[in-house]
Amino acid sequence: MDSLYTLWLSTGLANFELGQVIMMVVGCGLLYLAIARNFEPLLLLPMGFGAILTNIPVAGFSEAGGLLHYIYYAGIDTGIFPLIIFMGVGAMTDFSALIGNPKTLLLGAAAQFGIFATLFGAIALNYVPGIEFTLKDASAIAIIGGADGPTAIFLASKLAPELLGAIAVAAYSYMALVPIIQPPIMRALTTDKERKIEMAQLRPVTKIEKIIFPLGVLLMTIFFLPSATPLVGMFCLGNLMRESGVVDRLSSTAQNELINITTIFLGLGVGSKLSSEAFLNVETLGILGLGAVAFSIGTASGVLMAKLMNKFSKVPINPLIGAAGVSAVPMAARVANKVGLEANPHNFLLMHAMGPNVAGVLGSAVAAGILLALVGT
């Protein structure tokens, strides 16, 4: 009889807690979004599965000696996985649109306003009972506004590892919801006449310019914001491998096998932080709410900056491309192009929107470096 009771205690049924069941349902929800809705499936699928694994009682996946424990501390706690992904993203990024129209760098910078506005919003939430965010917590939450998953994970792992799961879920959820969240904001802030503006064709960009650009960006970062060089440096390395044309095998590996393998482990590692103790609280709701605010403010500030630039520019600028400054490459640029085509069937904004789009990637990395330099010590 005692042996049967011991056997019963070793089963999952005897050890399940309500919080674990809820988080496994959340994990299944992430799997649904990835598989049925095609929302950021490359990360939400392993993240959702990781959430299920980490909440299995007795299995010890996330405890010392467990698989997810080692994945998290080897790749996320050290910051290695987000940096490798940034290198892969750099290898996949074409800066021609930004080099051909450098003014769009301002749109990528303007869209980061959502990050710093949300920083103060997170601090203000401390007045809500049950929420207590430190300045480091608020900084990690604010980076959600950059709509850049690897940057959000990198900063959260450095400043607020206990909030990593909620921040990662919020960041990737809002990135996936770009086609739903952005268009109403874009239409509300622009007139029909502005949305119909056709932009001049971009000038051709030489190979030398493409090679010099990542080196120049890295040099500027080294001089003015060394704390951002981990992210910016790996991004520039990947881009230089792409544009140099002499290491096609390395560039291909960074774009494909390496980034794919890392994405699997990154998703599982983030999923390991979706335990019931860390996720089921009032602070998580606050993070999800602030993420929506940050993303909306970033979209709005990018559009408003583009409107301002259009008023003073000799060459017409369609304000819709400002929304692409939130990063989320290349989805935000596609959304800008789609809304532009709805207003004018001859209005092809994709290449123009890619300028602020890739500028947003650099902008979010720089914003993360600023926050790390200010509150990371």
# chains A, B, ... in the order shown; residues from 1 in each chain; ligands from 1
>>> residues_around(residues="region 161-171 of chain A", least_positions_apart="4", cutoff="10 Å", atoms="only C-alpha atoms", output="number ranges by chain")
A: 30, 43-44, 47-48, 51, 76-77, 137, 140-157, 175-176, 267, 269-275, 278-280, 283-292, 295, 328
>>> write_last_selection(atoms="C-alpha atoms", output="tab-separated table (two decimals), in the first residue's frame")
chain	number	residue	atom	x	y	z
A	30	LEU	CA	1.23	30.57	-27.57
A	43	LEU	CA	9.90	32.02	-31.43
A	44	LEU	CA	6.37	31.59	-30.05
A	47	MET	CA	8.54	29.53	-26.21
A	48	GLY	CA	5.08	28.01	-25.77
A	51	ALA	CA	6.31	27.13	-20.94
A	76	ILE	CA	20.19	34.06	-22.05
A	77	ASP	CA	21.65	34.94	-18.67
A	137	ASP	CA	12.56	46.91	-13.97
A	140	ALA	CA	13.64	46.62	-19.06
A	141	ILE	CA	9.88	46.98	-19.57
A	142	ALA	CA	10.25	50.20	-21.58
A	143	ILE	CA	12.40	48.53	-24.26
A	144	ILE	CA	9.28	46.63	-25.40
A	145	GLY	CA	8.45	49.86	-27.27
A	146	GLY	CA	11.38	49.18	-29.58
A	147	ALA	CA	9.48	46.18	-31.02
A	148	ASP	CA	12.72	44.21	-31.15
A	149	GLY	CA	12.57	40.85	-29.39
A	150	PRO	CA	16.31	40.09	-29.07
A	151	THR	CA	16.99	43.59	-27.71
A	152	ALA	CA	14.18	43.24	-25.17
A	153	ILE	CA	15.49	39.84	-24.04
A	154	PHE	CA	19.08	41.10	-23.86
A	155	LEU	CA	18.18	44.10	-21.70
A	156	ALA	CA	15.77	42.18	-19.50
A	157	SER	CA	18.38	39.49	-18.82
A	175	MET	CA	5.57	42.43	-32.89
A	176	ALA	CA	3.17	39.80	-34.20
A	267	GLY	CA	12.54	30.27	-27.24
A	269	GLY	CA	15.05	29.47	-22.49
A	270	VAL	CA	12.46	32.25	-22.38
A	271	GLY	CA	9.72	29.65	-21.95
A	272	SER	CA	11.55	28.36	-18.88
A	273	LYS	CA	10.80	31.71	-17.22
A	274	LEU	CA	7.06	31.35	-17.76
A	275	SER	CA	6.54	29.61	-14.44
A	278	ALA	CA	6.97	34.48	-12.02
A	279	PHE	CA	4.09	35.12	-14.45
A	280	LEU	CA	0.79	35.00	-12.57
A	283	GLU	CA	2.97	43.07	-12.43
A	284	THR	CA	2.61	40.87	-15.53
A	285	LEU	CA	-0.67	42.60	-16.41
A	286	GLY	CA	1.08	45.93	-15.96
A	287	ILE	CA	3.90	44.84	-18.30
A	288	LEU	CA	1.46	43.70	-20.99
A	289	GLY	CA	-0.46	46.97	-20.73
A	290	LEU	CA	2.70	49.09	-20.84
A	291	GLY	CA	3.91	47.13	-23.85
A	292	ALA	CA	0.82	48.14	-25.80
A	295	PHE	CA	4.29	50.27	-29.11
A	328	ALA	CA	9.80	44.76	-36.33
>>> closest_atom_pairs(of="region 128-213 of chain A", to="region 95-102 of chain A", cutoff="9 Å", atoms="only C-alpha atoms", output="tab-separated table")
residue	atom	partner	partner_atom	distance
A:Leu202	CA	A:Gly100	CA	5.9
A:Arg203	CA	A:Gly100	CA	5.6
A:Pro204	CA	A:Gly100	CA	6.9
A:Val205	CA	A:Ser96	CA	6.0
A:Thr206	CA	A:Ser96	CA	8.7
A:Glu209	CA	A:Ile99	CA	7.7
A:Lys210	CA	A:Phe95	CA	7.0
A:Phe213	CA	A:Ile99	CA	7.9
>>> write_last_selection(atoms="N, CA and C atoms", output="mmCIF file, in the first residue's frame")
data_model
loop_
_atom_site.group_PDB
_atom_site.id
_atom_site.type_symbol
_atom_site.label_atom_id
_atom_site.label_comp_id
_atom_site.auth_asym_id
_atom_site.auth_seq_id
_atom_site.Cartn_x
_atom_site.Cartn_y
_atom_site.Cartn_z
ATOM 1 N N LEU A 202 14.568 55.841 -54.954
ATOM 2 C CA LEU A 202 15.829 55.991 -54.231
ATOM 3 C C LEU A 202 17.015 55.913 -55.193
ATOM 4 N N ARG A 203 18.066 56.617 -54.845
ATOM 5 C CA ARG A 203 19.267 56.574 -55.681
ATOM 6 C C ARG A 203 19.964 55.230 -55.515
ATOM 7 N N PRO A 204 20.715 54.789 -56.548
ATOM 8 C CA PRO A 204 21.474 53.535 -56.421
ATOM 9 C C PRO A 204 22.570 53.674 -55.359
ATOM 10 N N VAL A 205 22.801 52.614 -54.621
ATOM 11 C CA VAL A 205 23.821 52.606 -53.563
ATOM 12 C C VAL A 205 24.948 51.679 -53.983
ATOM 13 N N THR A 206 26.184 52.169 -53.884
ATOM 14 C CA THR A 206 27.341 51.382 -54.323
ATOM 15 C C THR A 206 27.741 50.351 -53.268
ATOM 16 N N GLU A 209 29.782 51.851 -50.391
ATOM 17 C CA GLU A 209 28.956 52.491 -49.360
ATOM 18 C C GLU A 209 28.394 51.449 -48.397
ATOM 19 N N LYS A 210 27.962 50.316 -48.953
ATOM 20 C CA LYS A 210 27.385 49.270 -48.112
ATOM 21 C C LYS A 210 28.426 48.665 -47.167
ATOM 22 N N PHE A 213 29.335 51.441 -44.404
ATOM 23 C CA PHE A 213 28.254 51.796 -43.478
ATOM 24 C C PHE A 213 28.337 51.057 -42.139
#
>>> select_by_dssp(residues="region 104-293 of chain A", states="alpha helix (DSSP H)", output="PyMOL selection string")
chain A and resi 105-110+113-124+135-142+149-159+164-176+178-189+192-195+207-224+229-244+248-255+257-271+276-279+282-293
>>> residues_around(residues="region 301-304 of chain A", least_positions_apart="6", cutoff="9 Å", atoms="only C-alpha atoms", output="PyMOL selection string")
chain A and resi 106-114+185-186+189-190+319-326+356
>>> residues_around(residues="Leu45 (chain A)", least_positions_apart="2", cutoff="12 Å", atoms="only C-alpha atoms", output="PyMOL selection string")
chain A and resi 26-43+47-52+169+172+263-268+270-271
>>> residues_around(residues="region 369-374 of chain A", least_positions_apart="4", cutoff="8 Å", atoms="only C-alpha atoms", output="mmCIF file with N, CA and C atoms, in the first residue's frame")
data_model
loop_
_atom_site.group_PDB
_atom_site.id
_atom_site.type_symbol
_atom_site.label_atom_id
_atom_site.label_comp_id
_atom_site.auth_asym_id
_atom_site.auth_seq_id
_atom_site.Cartn_x
_atom_site.Cartn_y
_atom_site.Cartn_z
ATOM 1 N N SER A 139 13.108 50.151 -16.846
ATOM 2 C CA SER A 139 13.935 50.277 -18.050
ATOM 3 C C SER A 139 13.798 49.041 -18.934
ATOM 4 N N LEU A 155 18.232 43.116 -22.776
ATOM 5 C CA LEU A 155 18.184 44.104 -21.696
ATOM 6 C C LEU A 155 17.514 43.543 -20.453
ATOM 7 N N LEU A 159 18.949 43.538 -16.661
ATOM 8 C CA LEU A 159 18.383 44.450 -15.665
ATOM 9 C C LEU A 159 17.292 43.825 -14.800
ATOM 10 N N LEU A 225 28.704 55.639 -27.428
ATOM 11 C CA LEU A 225 27.884 54.807 -26.549
ATOM 12 C C LEU A 225 28.431 53.380 -26.496
ATOM 13 N N PRO A 226 29.572 53.185 -25.841
ATOM 14 C CA PRO A 226 30.186 51.849 -25.795
ATOM 15 C C PRO A 226 29.286 50.770 -25.218
ATOM 16 N N SER A 227 28.357 51.147 -24.341
ATOM 17 C CA SER A 227 27.484 50.141 -23.729
ATOM 18 C C SER A 227 26.566 49.480 -24.757
ATOM 19 N N ALA A 228 26.376 50.099 -25.923
ATOM 20 C CA ALA A 228 25.520 49.520 -26.964
ATOM 21 C C ALA A 228 26.300 48.658 -27.939
ATOM 22 N N THR A 229 27.625 48.616 -27.790
ATOM 23 C CA THR A 229 28.433 47.882 -28.781
ATOM 24 C C THR A 229 28.191 46.372 -28.805
ATOM 25 N N ALA A 365 18.650 49.285 -30.361
ATOM 26 C CA ALA A 365 19.911 48.843 -29.753
ATOM 27 C C ALA A 365 20.597 49.994 -29.027
#
>>> atom_distance(atom1="CA of Asn347 (chain A)", atom2="CA of Asn318 (chain A)")
9.6 Å
>>> residues_around(residues="region 338-343 of chain A", least_positions_apart="4", cutoff="7 Å", atoms="only C-alpha atoms", output="ChimeraX atom specification")
/A:183,192,195-196,334,347-349
>>> atom_distance(atom1="CA of Ser327 (chain A)", atom2="CA of Ser364 (chain A)")
7.6 Å
>>> closest_residue(among="A:Thr93, A:Asn260, A:Ser296, A:Asn239", to="Leu177 (chain A)", atoms="only C-alpha atoms")
A:Ser296
>>> closest_residue(among="A:Met199, A:Val358, A:Leu105, A:Ala122", to="Lys314 (chain A)", atoms="only C-alpha atoms")
A:Met199
>>> closest_residue(among="A:Leu250, A:Ile222, A:Ile22, A:Ile197", to="His346 (chain A)", atoms="only C-alpha atoms")
A:Ile197
>>> residues_around(residues="Pro179 (chain A)", least_positions_apart="5", cutoff="9 Å", atoms="only C-alpha atoms", output="ChimeraX atom specification")
/A:331-332,334-335
>>> write_last_selection(atoms="C-alpha atoms", output="PDB file, in the first residue's frame")
ATOM      1  CA  MET A 331       6.645  43.485 -41.050  1.00  0.00           C
ATOM      2  CA  ALA A 332       6.297  47.169 -40.120  1.00  0.00           C
ATOM      3  CA  ARG A 334       5.071  45.881 -45.223  1.00  0.00           C
ATOM      4  CA  VAL A 335       2.233  47.372 -43.175  1.00  0.00           C
TER       5      VAL A 335
END
>>> closest_residue(among="A:Gly233, A:Gly90, A:Gly238, A:Pro345", to="Met220 (chain A)", atoms="only C-alpha atoms")
A:Gly233
>>> atom_distance(atom1="CA of Arg187 (chain A)", atom2="CA of Phe120 (chain A)")
26.9 Å
>>> closest_residue(among="A:Ile261, A:Asn55, A:Val246, A:Asn357", to="Ile211 (chain A)", atoms="only C-alpha atoms")
A:Val246
>>> closest_residue(among="A:Ala367, A:Ala91, A:Leu68, A:Met24", to="Ser251 (chain A)", atoms="only C-alpha atoms")
A:Ala91
